[in-house]
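Engineer: Got a structure for you, questions after.
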Amino acid sequence: MSQNTPNSDAPQPETIPLQKEPETPPPDPQAVPPATVAAKKQEQGKQPPVSQRLTSLDAYRGFVMLAMASGGLYIANALRNSPEILEQYNGTQWESSWKYLWQTLSYQLSHVEWTGAGFWDLIQPSFMFMVGVSMPFSVRKRKQKGDSTLRIWGHAIFRAVLLVALGVFLSSRSGPHTNFTFANVLCQIGLGYLVVFFYVNRSFVTHLIGVVTILGGYWFFFYQYMPAEAELTAVKKYLTEVKHKDEAEWSQFSGFGEPWNKHTNAAAAVDRQFLNQFPRYEEPYEGQKFWVNGGGYQTLNFIPSIATMLFGLMAGQLLMSNRLEKMKVKWLLQAGLICFVISMLLDTSIWPVNIEQWEWHLVPIVKRIWSPGWAIFSAGWAFWFLAVFYWIIDVKGYKKWAFPFVVVGMNSIAMYCMAQLIRPWVQKSLQMHLTTVDEMTGWSVAGSLFSSDCPYAPIAVSATVLFVLWLICLWMYLQKIFIKI
């Protein structure tokens, strides 16, 4: 996946017991003063002391990171390369169900072309949302350690710079030179980090004003932009002659939604100026090297992404508050619902059903350019995911099932870097060593796992590589090695 990252602002880990600890006998009720009993009853149902770590945050972060590292288990590519998978149960009672299952999995585990959303599109906004959620916890921890405001801000600046540098580094793992691109998620977080940090511990109204200002201003920036005729002609010519694309590549909307078309929008025009200021290794075309990002991702996406992190900051400060736990869950669910209603009023393309003569795109929901509509819509899902994890794990106390996610969530930066850098090496090493084992034992593990004749083999390989990466995270967790920025 091209744009995903973890959150590195998590506080120190809470030990998750794998076995139930022995219970201590309850105190004698007669020995407890009445005032204490009344105070305990008043506090019943509230969050545990605010210094306690919320396991649900690590679990949610780990869940999203595992999804990213899985690469969608190669399901979409397997179906594209081996369409005969769909024909396996033709002529049986399972035919329609089998096709629906694989088509649904393929859609949900790949990015949509432009408008709409699948599960795979929600991974990056979940990362960025969790950055905001973790910020107030991180600041509180540093203040408890005695850090001054100046020192805390200095660390935030260091983190922002390092995230951008790491994003560029990971984007340059293939190619002859440094790939100066800032559309990947680490760069996006780094570019907007300090703005979000400024809002930590400020009021809900202040957060809301920031969100409305950022998204409203960014919407107007797109809406008022009209590309020069010469530039528009040059871009279309480049896409046609060099990339061999047709008109469908740049004409997703007409009328009011036209400013949000691919490659011809305001942010794309900025990148054609900005990215050509850096050394580039592409072949020049009509005097410049960079023309378009193939996926339509833009550097300025970090501006509306700030709103995504601000939504997370609102949720984080809510979870740190002394409100009743059930009220926190209620607020998270209501916030998600409000986001869904607003986004669906702004763009009908996200509606689950098409209603004839009901179509408008006031603020198109497009993940690849992080449109204001997308920032709101994806935040709705992030609020709901967080509410579910928080309710099950921290409110109801069911923590053991989340251990595999927590292991990854505690080392999200490590998992992200491993998924970006060593996945091919892990796969190659598995094939080499399993082949050796087969030769020594007469088994056929490698032959089956890496078979070119089985259309499901790539899915099994992807799952195996993911398991190896998880084992590394487990070892780091058991050794108490936690890599943070």
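Chain identifiers are assigned as A, B, and so on, following the order in which chains appear in the structure tokens; residues are numbered from 1 within each chain, and ligands are numbered from 1 in order of appearance.
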Using only C-alpha atoms, what does the table of segment 290-388 of chain A residues within 9 Å of segment 117-127 of chain A look like, with each row giving the shortest atom pair and its distance in Å to one decimal, sorted by chain and ascending number, as a tab-separated table?
Structural biologist:
residue	atom	partner	partner_atom	distance
A:Ser305	CA	A:Pro125	CA	8.0
A:Thr308	CA	A:Pro125	CA	6.8
A:Met309	CA	A:Pro125	CA	8.4
A:Gly312	CA	A:Ser126	CA	8.9
A:Ile350	CA	A:Ala117	CA	7.5
A:Ile365	CA	A:Ala117	CA	8.5
A:Val366	CA	A:Ala117	CA	8.3
A:Lys367	CA	A:Asp121	CA	7.1
A:Ala375	CA	A:Pro125	CA	7.9
A:Ser378	CA	A:Pro125	CA	6.4
A:Ala379	CA	A:Pro125	CA	7.2
A:Trp381	CA	A:Leu122	CA	7.7
A:Ala382	CA	A:Ser126	CA	5.6
A:Phe385	CA	A:Ser126	CA	8.7
Engineer: Which segment 40-146 of chain A residues have any atom within 7 Å of an atom of segment 393-396 of chain A, and for each, what is the nearest pair of atoms with distance in Å to one decimal, counting only C-alpha atoms, rows sorted by chain and number, as a Markdown table?
Structural biologist:
| residue | atom | partner | partner_atom | distance |
| --- | --- | --- | --- | --- |
| A:Leu54 | CA | A:Asp394 | CA | 6.5 |
| A:Thr55 | CA | A:Asp394 | CA | 6.6 |
| A:Ser56 | CA | A:Ile393 | CA | 5.7 |
Engineer: Write out the residues from the selection above, keeping C-alpha atoms, as a tab-separated table (two decimals), in the first residue's frame.
Structural biologist:
chain	number	residue	atom	x	y	z
A	54	LEU	CA	-5.85	2.50	27.43
A	55	THR	CA	-5.18	-0.88	25.86
A	56	SER	CA	-7.80	-0.19	23.19
Engineer: Can you work out which one of A:Ala78, A:Leu421, A:Val407, A:Ala335 has the shortest atom-to-atom distance to Ser171 of chain A, counting only C-alpha atoms?
Structural biologist: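 With only C-alpha atoms as the atom set, the closest residue is A:Leu421.
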Engineer: Which of these residues is nearest to Tyr193 of chain A, using only C-alpha atoms: A:Ala160, A:Met320, A:Leu170, A:Val205?
Structural biologist: A:Ala160
Engineer: Could you list, as a PyMOL selection string, every residue within 9 Å of Glu359 of chain A, counting only C-alpha atoms and ignoring same-chain residues fewer than 6 positions away?
Structural biologist: chain A and resi 347-349
Engineer: Residues within 9 Å of segment 284-293 of chain A, please, as an NGL selection string. Count only C-alpha atoms; anything in the same chain fewer than 5 positions from it doesn't count.
Structural biologist: :A and (234-235 or 238-239 or 242 or 263 or 268-269 or 271-273 or 275-276 or 298)
Engineer: Using all heavy atoms, can you export the residues from the last selection as an mmCIF file, in the first residue's frame?
Structural biologist:
data_model
loop_
_atom_site.group_PDB
_atom_site.id
_atom_site.type_symbol
_atom_site.label_atom_id
_atom_site.label_comp_id
_atom_site.auth_asym_id
_atom_site.auth_seq_id
_atom_site.Cartn_x
_atom_site.Cartn_y
_atom_site.Cartn_z
ATOM 1 N N ALA A 234 -1.341 20.612 -22.012
ATOM 2 C CA ALA A 234 -0.066 19.912 -21.839
ATOM 3 C C ALA A 234 -0.237 18.671 -20.968
ATOM 4 O O ALA A 234 0.345 17.610 -21.254
ATOM 5 C CB ALA A 234 0.957 20.857 -21.235
ATOM 6 N N VAL A 235 -1.035 18.781 -19.905
ATOM 7 C CA VAL A 235 -1.251 17.640 -19.020
ATOM 8 C C VAL A 235 -1.974 16.517 -19.766
ATOM 9 O O VAL A 235 -1.586 15.346 -19.678
ATOM 10 C CB VAL A 235 -2.057 18.065 -17.775
ATOM 11 C CG1 VAL A 235 -2.497 16.842 -16.975
ATOM 12 C CG2 VAL A 235 -1.239 18.993 -16.899
ATOM 13 N N TYR A 238 0.430 14.853 -22.140
ATOM 14 C CA TYR A 238 1.368 13.980 -21.430
ATOM 15 C C TYR A 238 0.698 12.654 -21.057
ATOM 16 O O TYR A 238 1.267 11.571 -21.252
ATOM 17 C CB TYR A 238 1.873 14.685 -20.176
ATOM 18 C CG TYR A 238 2.697 13.804 -19.266
ATOM 19 C CD1 TYR A 238 4.041 13.561 -19.519
ATOM 20 C CD2 TYR A 238 2.125 13.201 -18.141
ATOM 21 C CE1 TYR A 238 4.795 12.750 -18.685
ATOM 22 C CE2 TYR A 238 2.865 12.385 -17.309
ATOM 23 C CZ TYR A 238 4.199 12.164 -17.583
ATOM 24 O OH TYR A 238 4.946 11.347 -16.765
ATOM 25 N N LEU A 239 -0.510 12.733 -20.516
ATOM 26 C CA LEU A 239 -1.219 11.520 -20.117
ATOM 27 C C LEU A 239 -1.534 10.631 -21.313
ATOM 28 O O LEU A 239 -1.501 9.400 -21.210
ATOM 29 C CB LEU A 239 -2.516 11.894 -19.388
ATOM 30 C CG LEU A 239 -2.347 12.519 -17.998
ATOM 31 C CD1 LEU A 239 -3.669 13.093 -17.499
ATOM 32 C CD2 LEU A 239 -1.815 11.495 -17.008
ATOM 33 N N VAL A 242 2.440 9.775 -23.135
ATOM 34 C CA VAL A 242 3.445 9.110 -22.304
ATOM 35 C C VAL A 242 2.830 7.996 -21.463
ATOM 36 O O VAL A 242 3.353 6.888 -21.403
ATOM 37 C CB VAL A 242 4.161 10.131 -21.401
ATOM 38 C CG1 VAL A 242 5.186 9.428 -20.505
ATOM 39 C CG2 VAL A 242 4.839 11.210 -22.245
ATOM 40 N N HIS A 263 -5.648 14.895 -11.652
ATOM 41 C CA HIS A 263 -4.536 15.520 -12.376
ATOM 42 C C HIS A 263 -4.789 16.965 -12.798
ATOM 43 O O HIS A 263 -3.836 17.659 -13.180
ATOM 44 C CB HIS A 263 -4.148 14.719 -13.634
ATOM 45 C CG HIS A 263 -3.847 13.283 -13.377
ATOM 46 N ND1 HIS A 263 -3.022 12.854 -12.358
ATOM 47 C CD2 HIS A 263 -4.289 12.163 -14.021
ATOM 48 C CE1 HIS A 263 -2.950 11.533 -12.390
ATOM 49 N NE2 HIS A 263 -3.709 11.083 -13.378
ATOM 50 N N ALA A 268 -2.809 19.356 -7.739
ATOM 51 C CA ALA A 268 -1.952 18.780 -8.778
ATOM 52 C C ALA A 268 -1.136 19.862 -9.461
ATOM 53 O O ALA A 268 0.041 19.666 -9.800
ATOM 54 C CB ALA A 268 -2.796 18.020 -9.799
ATOM 55 N N ALA A 269 -1.737 21.030 -9.662
ATOM 56 C CA ALA A 269 -1.024 22.145 -10.278
ATOM 57 C C ALA A 269 0.109 22.627 -9.379
ATOM 58 O O ALA A 269 1.201 22.960 -9.860
ATOM 59 C CB ALA A 269 -1.998 23.287 -10.556
ATOM 60 N N ASP A 271 1.807 20.764 -7.250
ATOM 61 C CA ASP A 271 2.875 19.760 -7.315
ATOM 62 C C ASP A 271 3.695 19.892 -8.592
ATOM 63 O O ASP A 271 4.901 19.607 -8.591
ATOM 64 C CB ASP A 271 2.283 18.351 -7.211
ATOM 65 C CG ASP A 271 2.264 17.850 -5.770
ATOM 66 O OD1 ASP A 271 2.805 18.547 -4.899
ATOM 67 O OD2 ASP A 271 1.697 16.767 -5.519
ATOM 68 N N ARG A 272 3.069 20.300 -9.690
ATOM 69 C CA ARG A 272 3.837 20.460 -10.937
ATOM 70 C C ARG A 272 4.854 21.592 -10.803
ATOM 71 O O ARG A 272 5.875 21.592 -11.490
ATOM 72 C CB ARG A 272 2.893 20.711 -12.118
ATOM 73 C CG ARG A 272 2.322 19.432 -12.701
ATOM 74 C CD ARG A 272 1.570 19.662 -13.991
ATOM 75 N NE ARG A 272 0.253 20.260 -13.773
ATOM 76 C CZ ARG A 272 -0.833 19.571 -13.456
ATOM 77 N NH1 ARG A 272 -0.758 18.261 -13.314
ATOM 78 N NH2 ARG A 272 -1.991 20.190 -13.285
ATOM 79 N N GLN A 273 4.589 22.536 -9.937
ATOM 80 C CA GLN A 273 5.555 23.595 -9.670
ATOM 81 C C GLN A 273 6.534 23.184 -8.571
ATOM 82 O O GLN A 273 7.743 23.342 -8.706
ATOM 83 C CB GLN A 273 4.810 24.879 -9.255
ATOM 84 C CG GLN A 273 3.897 25.439 -10.326
ATOM 85 C CD GLN A 273 4.661 25.928 -11.540
ATOM 86 O OE1 GLN A 273 5.749 26.504 -11.417
ATOM 87 N NE2 GLN A 273 4.098 25.704 -12.717
ATOM 88 N N LEU A 275 7.319 20.055 -7.002
ATOM 89 C CA LEU A 275 8.167 18.872 -7.082
ATOM 90 C C LEU A 275 9.238 18.982 -8.147
ATOM 91 O O LEU A 275 10.257 18.283 -8.073
ATOM 92 C CB LEU A 275 7.296 17.629 -7.320
ATOM 93 C CG LEU A 275 6.346 17.261 -6.174
ATOM 94 C CD1 LEU A 275 5.553 16.006 -6.511
ATOM 95 C CD2 LEU A 275 7.108 17.063 -4.868
ATOM 96 N N ASN A 276 9.045 19.859 -9.109
ATOM 97 C CA ASN A 276 10.091 20.055 -10.114
ATOM 98 C C ASN A 276 11.241 20.907 -9.599
ATOM 99 O O ASN A 276 12.231 21.107 -10.315
ATOM 100 C CB ASN A 276 9.493 20.677 -11.383
ATOM 101 C CG ASN A 276 8.869 19.633 -12.296
ATOM 102 O OD1 ASN A 276 9.529 18.705 -12.748
ATOM 103 N ND2 ASN A 276 7.569 19.764 -12.538
ATOM 104 N N GLN A 298 -1.503 13.932 -3.806
ATOM 105 C CA GLN A 298 -0.869 15.246 -3.883
ATOM 106 C C GLN A 298 -0.220 15.637 -2.554
ATOM 107 O O GLN A 298 -0.662 15.229 -1.478
ATOM 108 C CB GLN A 298 -1.898 16.314 -4.272
ATOM 109 C CG GLN A 298 -2.803 15.953 -5.430
ATOM 110 C CD GLN A 298 -2.090 15.648 -6.741
ATOM 111 O OE1 GLN A 298 -2.624 15.011 -7.637
ATOM 112 N NE2 GLN A 298 -0.850 16.105 -6.853
#
Engineer: Skip segment 336-345 of chain A itself and residues of its chain fewer than 5 positions away, then list as a PDB file with N, CA and C atoms, in the first residue's frame all residues within 7 Å of it, counting only C-alpha atoms.
Structural biologist:
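Everything below was put into selection31.pdb:
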ATOM      1  N   ILE A 350     -21.229   8.530  -2.328  1.00  0.00           N
ATOM      2  CA  ILE A 350     -20.915   7.619  -1.236  1.00  0.00           C
ATOM      3  C   ILE A 350     -22.150   6.902  -0.728  1.00  0.00           C
ATOM      4  N   TRP A 351     -23.312   7.230  -1.258  1.00  0.00           N
ATOM      5  CA  TRP A 351     -24.540   6.586  -0.803  1.00  0.00           C
ATOM      6  C   TRP A 351     -24.510   5.092  -1.119  1.00  0.00           C
ATOM      7  N   GLY A 373     -14.735  16.372   1.983  1.00  0.00           N
ATOM      8  CA  GLY A 373     -15.765  15.360   2.186  1.00  0.00           C
ATOM      9  C   GLY A 373     -15.178  14.045   2.666  1.00  0.00           C
ATOM     10  N   ILE A 376     -14.171  14.133   6.398  1.00  0.00           N
ATOM     11  CA  ILE A 376     -15.318  13.982   7.292  1.00  0.00           C
ATOM     12  C   ILE A 376     -15.831  12.541   7.279  1.00  0.00           C
ATOM     13  N   PHE A 377     -15.993  11.979   6.085  1.00  0.00           N
ATOM     14  CA  PHE A 377     -16.528  10.621   5.959  1.00  0.00           C
ATOM     15  C   PHE A 377     -15.618   9.597   6.634  1.00  0.00           C
ATOM     16  N   ALA A 379     -13.445  10.084   8.967  1.00  0.00           N
ATOM     17  CA  ALA A 379     -13.443  10.294  10.419  1.00  0.00           C
ATOM     18  C   ALA A 379     -14.628   9.597  11.069  1.00  0.00           C
ATOM     19  N   GLY A 380     -15.752   9.531  10.368  1.00  0.00           N
ATOM     20  CA  GLY A 380     -16.904   8.822  10.902  1.00  0.00           C
ATOM     21  C   GLY A 380     -16.580   7.369  11.196  1.00  0.00           C
ATOM     22  N   TRP A 381     -15.905   6.707  10.257  1.00  0.00           N
ATOM     23  CA  TRP A 381     -15.522   5.313  10.475  1.00  0.00           C
ATOM     24  C   TRP A 381     -14.492   5.202  11.599  1.00  0.00           C
ATOM     25  N   PHE A 383     -14.104   7.157  14.231  1.00  0.00           N
ATOM     26  CA  PHE A 383     -14.822   7.317  15.500  1.00  0.00           C
ATOM     27  C   PHE A 383     -15.506   6.009  15.900  1.00  0.00           C
ATOM     28  N   TRP A 384     -16.142   5.357  14.936  1.00  0.00           N
ATOM     29  CA  TRP A 384     -16.874   4.124  15.250  1.00  0.00           C
ATOM     30  C   TRP A 384     -15.935   2.973  15.579  1.00  0.00           C
TER      31      TRP A 384
END
Engineer: Which is closest to Trp260 of chain A among A:Pro364, A:Gly62, A:Gly71, A:Pro279, if we use only C-alpha atoms?
Structural biologist: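 Smallest separation from Trp260 of chain A among the options: A:Pro364.
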Engineer: Could you pull the residues within 12 Å of Trp153 of chain A, counting only C-alpha atoms, minus those fewer than 4 positions along the same chain, as an MDAnalysis selection string?
Structural biologist: chainID A and resid 138:139 142:143 147:149 157:160 193:198 200
Engineer: What is the distance, in Å and to one decimal place, between atom CA of Pro304 of chain A and atom CA of Ile485 of chain A?
Structural biologist: 23.4 Å
Engineer: Tell me, in Å to one decimal, how far atom CA of Lys145 of chain A is from atom CA of Asn322 of chain A.
Structural biologist: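 That distance, rounded to one decimal, is 21.8 Å.
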Engineer: If you measure from atom CA of Gln224 of chain A to atom CA of Trp250 of chain A, what distance in Å do you get, rounded to one decimal?
Structural biologist: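 Separating atom CA of Gln224 of chain A from atom CA of Trp250 of chain A is a distance of 18.0 Å.
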Engineer: May I have the residues within 10 Å of Gln252 of chain A as a list in words, using only C-alpha atoms and disregarding those fewer than 6 positions away in the same chain?
Structural biologist: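 The contact residues come out as Glu113, Trp114, Thr115, Glu258, Pro259, Trp260, Asn261 and Lys262 of chain A.
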Engineer: Calculated over only C-alpha atoms, which of the candidates A:Val406, A:Ala460, A:Ala183, A:Ile209 has the smallest distance to Leu474 of chain A?
Structural biologist: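 Nearest to Leu474 of chain A: A:Val406.
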Engineer: For Leu166 of chain A, which of A:Trp475, A:Tyr416, A:Tyr456, A:Phe256 is the closest residue, counting only C-alpha atoms?
Structural biologist: A:Tyr416
Engineer: When DSSP is applied to the backbone of this structure, which of segment 19-184 of chain A are assigned helix (DSSP H, G or I)? Write them out as number ranges by chain.
Structural biologist: A: 29-31, 34-43, 55-69, 71-81, 83-87, 95-108, 119-144, 149-171
